[in-house]
file target_2.cif (mmCIF, C-alpha atoms)
data_start
#
loop_
_atom_site.group_PDB
_atom_site.id
_atom_site.type_symbol
_atom_site.label_atom_id
_atom_site.label_comp_id
_atom_site.auth_asym_id
_atom_site.auth_seq_id
_atom_site.Cartn_x
_atom_site.Cartn_y
_atom_site.Cartn_z
ATOM 1 C CA MET M 267 78.392 -15.936 64.704
ATOM 2 C CA LYS M 268 79.936 -14.159 61.777
ATOM 3 C CA TYR M 269 82.056 -15.281 58.848
ATOM 4 C CA ILE M 270 85.153 -13.335 57.873
ATOM 5 C CA SER M 271 86.859 -14.249 54.623
ATOM 6 C CA LEU M 272 90.488 -13.553 53.795
ATOM 7 C CA LEU M 273 91.158 -13.894 50.079
ATOM 8 C CA LEU M 274 94.915 -14.194 49.651
ATOM 9 C CA ALA M 275 95.854 -12.653 46.306
ATOM 10 C CA ALA M 276 99.434 -11.405 46.746
ATOM 11 C CA GLY M 277 102.374 -13.219 45.266
ATOM 12 C CA LYS M 278 104.666 -13.493 42.308
ATOM 13 C CA SER M 279 103.115 -16.387 40.378
ATOM 14 C CA SER M 280 106.674 -17.726 40.219
ATOM 15 C CA ARG M 281 105.651 -21.074 38.713
ATOM 16 C CA MET M 282 103.813 -19.228 35.924
ATOM 17 C CA GLN M 283 107.053 -17.837 34.466
ATOM 18 C CA GLY M 284 106.093 -14.164 34.730
ATOM 19 C CA ILE M 285 102.353 -14.500 34.056
ATOM 20 C CA ASP M 286 100.333 -12.868 36.839
ATOM 21 C CA LYS M 287 97.972 -15.793 37.450
ATOM 22 C CA VAL M 288 95.715 -14.098 40.018
ATOM 23 C CA ASN M 289 95.010 -11.146 37.694
ATOM 24 C CA ALA M 290 94.820 -13.175 34.483
ATOM 25 C CA VAL M 291 91.487 -12.580 32.760
ATOM 26 C CA ILE M 292 89.499 -15.776 32.257
ATOM 27 C CA CYS M 293 86.120 -15.526 30.473
ATOM 28 C CA GLY M 294 86.003 -11.781 30.989
ATOM 29 C CA LYS M 295 87.046 -11.413 34.626
ATOM 30 C CA PRO M 296 90.230 -11.715 36.662
ATOM 31 C CA LEU M 297 90.855 -15.083 38.281
ATOM 32 C CA TRP M 298 90.583 -13.731 41.857
ATOM 33 C CA LYS M 299 87.033 -12.530 41.208
ATOM 34 C CA TYR M 300 85.706 -16.097 40.888
ATOM 35 C CA SER M 301 86.714 -16.869 44.470
ATOM 36 C CA LEU M 302 85.529 -13.472 45.709
ATOM 37 C CA GLU M 303 82.045 -14.094 44.306
ATOM 38 C CA ILE M 304 81.742 -17.363 46.253
ATOM 39 C CA LEU M 305 83.170 -15.880 49.457
ATOM 40 C CA GLU M 306 80.805 -12.895 49.249
ATOM 41 C CA LYS M 307 77.868 -15.275 49.626
ATOM 42 C CA PHE M 308 79.110 -15.843 53.196
ATOM 43 C CA SER M 309 80.725 -12.498 54.110
ATOM 44 C CA LYS M 310 81.224 -9.052 52.601
ATOM 45 C CA VAL M 311 84.481 -7.334 51.702
ATOM 46 C CA PHE M 312 85.424 -4.699 54.259
ATOM 47 C CA LEU M 313 89.188 -4.437 53.967
ATOM 48 C CA ILE M 314 91.834 -4.744 51.303
ATOM 49 C CA THR M 315 95.451 -4.720 52.409
ATOM 50 C CA LYS M 316 98.853 -5.350 50.899
ATOM 51 C CA GLY M 317 99.975 -8.944 51.224
ATOM 52 C CA GLY M 318 103.290 -10.343 52.344
ATOM 53 C CA SER M 319 106.112 -11.963 50.435
ATOM 54 C CA THR M 320 104.687 -15.450 51.065
ATOM 55 C CA ARG M 321 101.153 -16.830 51.381
ATOM 56 C CA PHE M 322 101.795 -17.418 55.087
ATOM 57 C CA ASP M 323 102.864 -13.780 55.538
ATOM 58 C CA SER M 324 99.749 -12.596 53.704
ATOM 59 C CA ALA M 325 97.522 -14.767 55.907
ATOM 60 C CA LYS M 326 99.233 -13.399 59.023
ATOM 61 C CA ILE M 327 98.883 -9.776 57.882
ATOM 62 C CA GLY M 328 95.219 -10.313 57.024
ATOM 63 C CA PHE M 329 94.469 -12.027 60.308
ATOM 64 C CA GLU M 330 96.194 -9.287 62.309
ATOM 65 C CA LYS M 331 94.119 -6.616 60.510
ATOM 66 C CA VAL M 332 90.900 -8.530 61.203
ATOM 67 C CA TYR M 333 91.879 -9.127 64.816
ATOM 68 C CA LYS M 334 92.517 -5.408 65.362
ATOM 69 C CA SER M 335 89.338 -4.218 63.632
ATOM 70 C CA GLU M 336 86.767 -6.842 64.674
ATOM 71 C CA LYS M 337 85.516 -7.944 68.046
ATOM 72 C CA LEU M 338 85.935 -11.651 67.428
ATOM 73 C CA LYS M 339 84.035 -14.297 69.345
ATOM 74 C CA ASP M 340 85.030 -17.943 69.710
ATOM 75 C CA SER M 341 82.090 -18.864 67.485
ATOM 76 C CA ASP M 342 83.217 -16.643 64.586
ATOM 77 C CA ILE M 343 84.610 -18.377 61.519
ATOM 78 C CA ILE M 344 87.600 -16.980 59.640
ATOM 79 C CA ILE M 345 87.908 -18.348 56.124
ATOM 80 C CA PHE M 346 91.274 -18.236 54.342
ATOM 81 C CA HIS M 347 91.326 -18.884 50.607
ATOM 82 C CA ASN M 348 94.113 -18.643 48.042
ATOM 83 C CA ALA M 349 92.882 -16.636 45.034
ATOM 84 C CA ALA M 350 95.271 -18.570 42.772
ATOM 85 C CA ASN M 351 93.008 -21.618 43.321
ATOM 86 C CA PRO M 352 89.802 -20.368 41.703
ATOM 87 C CA PHE M 353 87.696 -23.501 41.746
ATOM 88 C CA LEU M 354 86.103 -22.926 45.135
ATOM 89 C CA ASP M 355 82.421 -23.778 45.144
ATOM 90 C CA SER M 356 79.628 -23.023 47.610
ATOM 91 C CA ARG M 357 79.134 -26.698 48.491
ATOM 92 C CA GLU M 358 82.783 -27.157 49.432
ATOM 93 C CA LEU M 359 82.815 -23.919 51.420
ATOM 94 C CA LYS M 360 79.634 -24.864 53.314
ATOM 95 C CA LEU M 361 81.156 -28.229 54.201
ATOM 96 C CA VAL M 362 84.386 -26.749 55.575
ATOM 97 C CA ILE M 363 82.368 -24.200 57.583
ATOM 98 C CA GLU M 364 80.255 -27.009 59.077
ATOM 99 C CA LYS M 365 83.410 -28.912 60.042
ATOM 100 C CA ALA M 366 84.961 -25.777 61.557
ATOM 101 C CA LYS M 367 81.846 -25.228 63.661
ATOM 102 C CA LYS M 368 82.005 -28.815 64.889
ATOM 103 C CA HIS M 369 85.768 -29.133 65.456
ATOM 104 C CA GLY M 370 86.960 -25.554 65.955
ATOM 105 C CA ALA M 371 88.958 -25.486 62.706
ATOM 106 C CA ALA M 372 88.888 -27.168 59.313
ATOM 107 C CA ILE M 373 90.790 -27.241 56.056
ATOM 108 C CA THR M 374 89.899 -28.423 52.607
ATOM 109 C CA GLY M 375 92.201 -29.352 49.795
ATOM 110 C CA ASN M 376 92.627 -31.260 46.608
ATOM 111 C CA ILE M 377 95.425 -33.417 45.329
ATOM 112 C CA ALA M 378 97.855 -31.109 43.551
ATOM 113 C CA THR M 379 98.696 -31.862 39.961
ATOM 114 C CA ASP M 380 100.797 -29.949 37.485
ATOM 115 C CA THR M 381 98.254 -29.031 34.833
ATOM 116 C CA VAL M 382 99.688 -25.873 33.284
ATOM 117 C CA LYS M 383 100.613 -26.630 29.683
ATOM 118 C CA ARG M 384 101.910 -24.601 26.793
ATOM 119 C CA ILE M 385 101.808 -25.306 23.110
ATOM 120 C CA ASN M 386 105.100 -24.713 21.308
ATOM 121 C CA GLY M 387 104.583 -25.386 17.650
ATOM 122 C CA GLU M 388 103.227 -28.912 17.585
ATOM 123 C CA LYS M 389 104.529 -29.832 21.031
ATOM 124 C CA ILE M 390 102.786 -29.569 24.380
ATOM 125 C CA THR M 391 105.063 -28.794 27.301
ATOM 126 C CA LEU M 392 104.324 -28.867 31.016
ATOM 127 C CA HIS M 393 105.244 -25.972 33.298
#
call {"tool": "encode", "arguments": {"input": "target_2.cif", "output": "structure tokens"}}
result
Amino acid sequence: MKYISLLLAAGKSSRMQGIDKVNAVICGKPLWKYSLEILEKFSKVFLITKGGSTRFDSAKIGFEKVYKSEKLKDSDIIIFHNAANPFLDSRELKLVIEKAKKHGAAITGNIATDTVKRINGEKITLH
């Protein structure tokens, strides 16, 4: 059994009003690197490819590249993660892998909230 991770990092960051969220530097490193460091505990980077115009397109492109270059077995686990959601942790990833082994597929998620805020003078605005 092998683990293959697809870190989806293409996109326009359209809700960030022009700020490139995935490449934004947070505490000295780009946002995508936080997810990559967790994923690399389970699999190593072997391919970087241009993404699609949507997250779905990027996932499809990535999967097709993996499918063509790897001899996949039914027991192999393919992990998709959106680099714009950097708070992946090893515990959560281990849990979703365990569930995928048991059920054939698994997904994890969190309740979405709009937490991006800007300070404009003395006012805080949501975006």
call {"tool": "resolve_selection", "arguments": {"input": "target_2.cif", "expression": "the PyMOL selection byres ((chain M and resi 269) around 7)", "output": "number ranges by chain"}}
result
M: 267-268, 270-271, 308-309, 342-344
call {"tool": "write_last_selection", "arguments": {"input": "target_2.cif", "atoms": "C-alpha atoms", "output": "CSV table (one decimal), in the coordinates of the input"}}
result
chain,number,residue,atom,x,y,z
M,267,MET,CA,78.4,-15.9,64.7
M,268,LYS,CA,79.9,-14.2,61.8
M,270,ILE,CA,85.2,-13.3,57.9
M,271,SER,CA,86.9,-14.2,54.6
M,308,PHE,CA,79.1,-15.8,53.2
M,309,SER,CA,80.7,-12.5,54.1
M,342,ASP,CA,83.2,-16.6,64.6
M,343,ILE,CA,84.6,-18.4,61.5
M,344,ILE,CA,87.6,-17.0,59.6
call {"tool": "residues_around", "arguments": {"input": "target_2.cif", "residues": "range 362-364 of chain M", "least_positions_apart": "4", "cutoff": "7 Å", "atoms": "only C-alpha atoms", "output": "ChimeraX atom specification"}}
result
/M:358,368,372-374
call {"tool": "write_last_selection", "arguments": {"input": "target_2.cif", "atoms": "C-alpha atoms", "output": "tab-separated table (two decimals), keeping the file's coordinate frame"}}
result
chain	number	residue	atom	x	y	z
M	358	GLU	CA	82.78	-27.16	49.43
M	368	LYS	CA	82.00	-28.82	64.89
M	372	ALA	CA	88.89	-27.17	59.31
M	373	ILE	CA	90.79	-27.24	56.06
M	374	THR	CA	89.90	-28.42	52.61
call {"tool": "closest_residue", "arguments": {"input": "target_2.cif", "among": "M:Glu330, M:Val311, M:Cys293, M:Leu305", "to": "Ile345 in chain M", "atoms": "all atoms listed in the file"}}
result
M:Leu305
call {"tool": "closest_residue", "arguments": {"input": "target_2.cif", "among": "M:Thr391, M:Gln283, M:Thr320, M:Asn351", "to": "Gly375 in chain M", "atoms": "all atoms listed in the file"}}
result
M:Asn351
call {"tool": "resolve_selection", "arguments": {"input": "target_2.cif", "expression": "the PyMOL selection byres ((chain M and resi 318) around 10)", "output": "ChimeraX atom specification"}}
result
/M:274-277,315-317,319-328
call {"tool": "residues_around", "arguments": {"input": "target_2.cif", "residues": "Tyr300 in chain M", "least_positions_apart": "5", "cutoff": "10 Å", "atoms": "all atoms listed in the file", "output": "MDAnalysis selection string"}}
result
chainID M and resid 292 295 305 349 351:355
call {"tool": "atom_distance", "arguments": {"input": "target_2.cif", "atom1": "CA of Ala290 in chain M", "atom2": "CA of Ile385 in chain M"}}
result
18.0 Å
call {"tool": "closest_residue", "arguments": {"input": "target_2.cif", "among": "M:Leu272, M:Lys307, M:Lys383, M:Leu302", "to": "Lys360 in chain M", "atoms": "only C-alpha atoms"}}
result
M:Lys307
call {"tool": "atom_distance", "arguments": {"input": "target_2.cif", "atom1": "CA of Arg281 in chain M", "atom2": "CA of Asn376 in chain M"}}
result
18.3 Å
call {"tool": "atom_distance", "arguments": {"input": "target_2.cif", "atom1": "CA of Lys334 in chain M", "atom2": "CA of Glu303 in chain M"}}
result
25.1 Å
call {"tool": "axis_aligned_box", "arguments": {"input": "target_2.cif", "around": "range 268-277 of chain M", "padding_each_side": "5 Å", "output": "JSON"}}
result
{"center_x": 91.2, "center_y": -13.3, "center_z": 53.5, "size_x": 32.4, "size_y": 13.9, "size_z": 26.5}
call {"tool": "residues_around", "arguments": {"input": "target_2.cif", "residues": "Ala350 in chain M", "least_positions_apart": "3", "cutoff": "8 Å", "atoms": "all atoms listed in the file", "output": "list of chain:residue names"}}
result
M:Ala275, M:Lys287, M:Val288, M:Leu297, M:Trp298
call {"tool": "closest_residue", "arguments": {"input": "target_2.cif", "among": "M:Phe312, M:Val291, M:Gly284, M:His347", "to": "Lys331 in chain M", "atoms": "all atoms listed in the file"}}
result
M:Phe312
call {"tool": "closest_residue", "arguments": {"input": "target_2.cif", "among": "M:Ile390, M:Met282, M:Ser301, M:Leu313", "to": "Phe346 in chain M", "atoms": "only C-alpha atoms"}}
result
M:Ser301
call {"tool": "closest_residue", "arguments": {"input": "target_2.cif", "among": "M:Leu273, M:Arg357, M:Ser341, M:Lys299", "to": "Ile314 in chain M", "atoms": "all atoms listed in the file"}}
result
M:Leu273
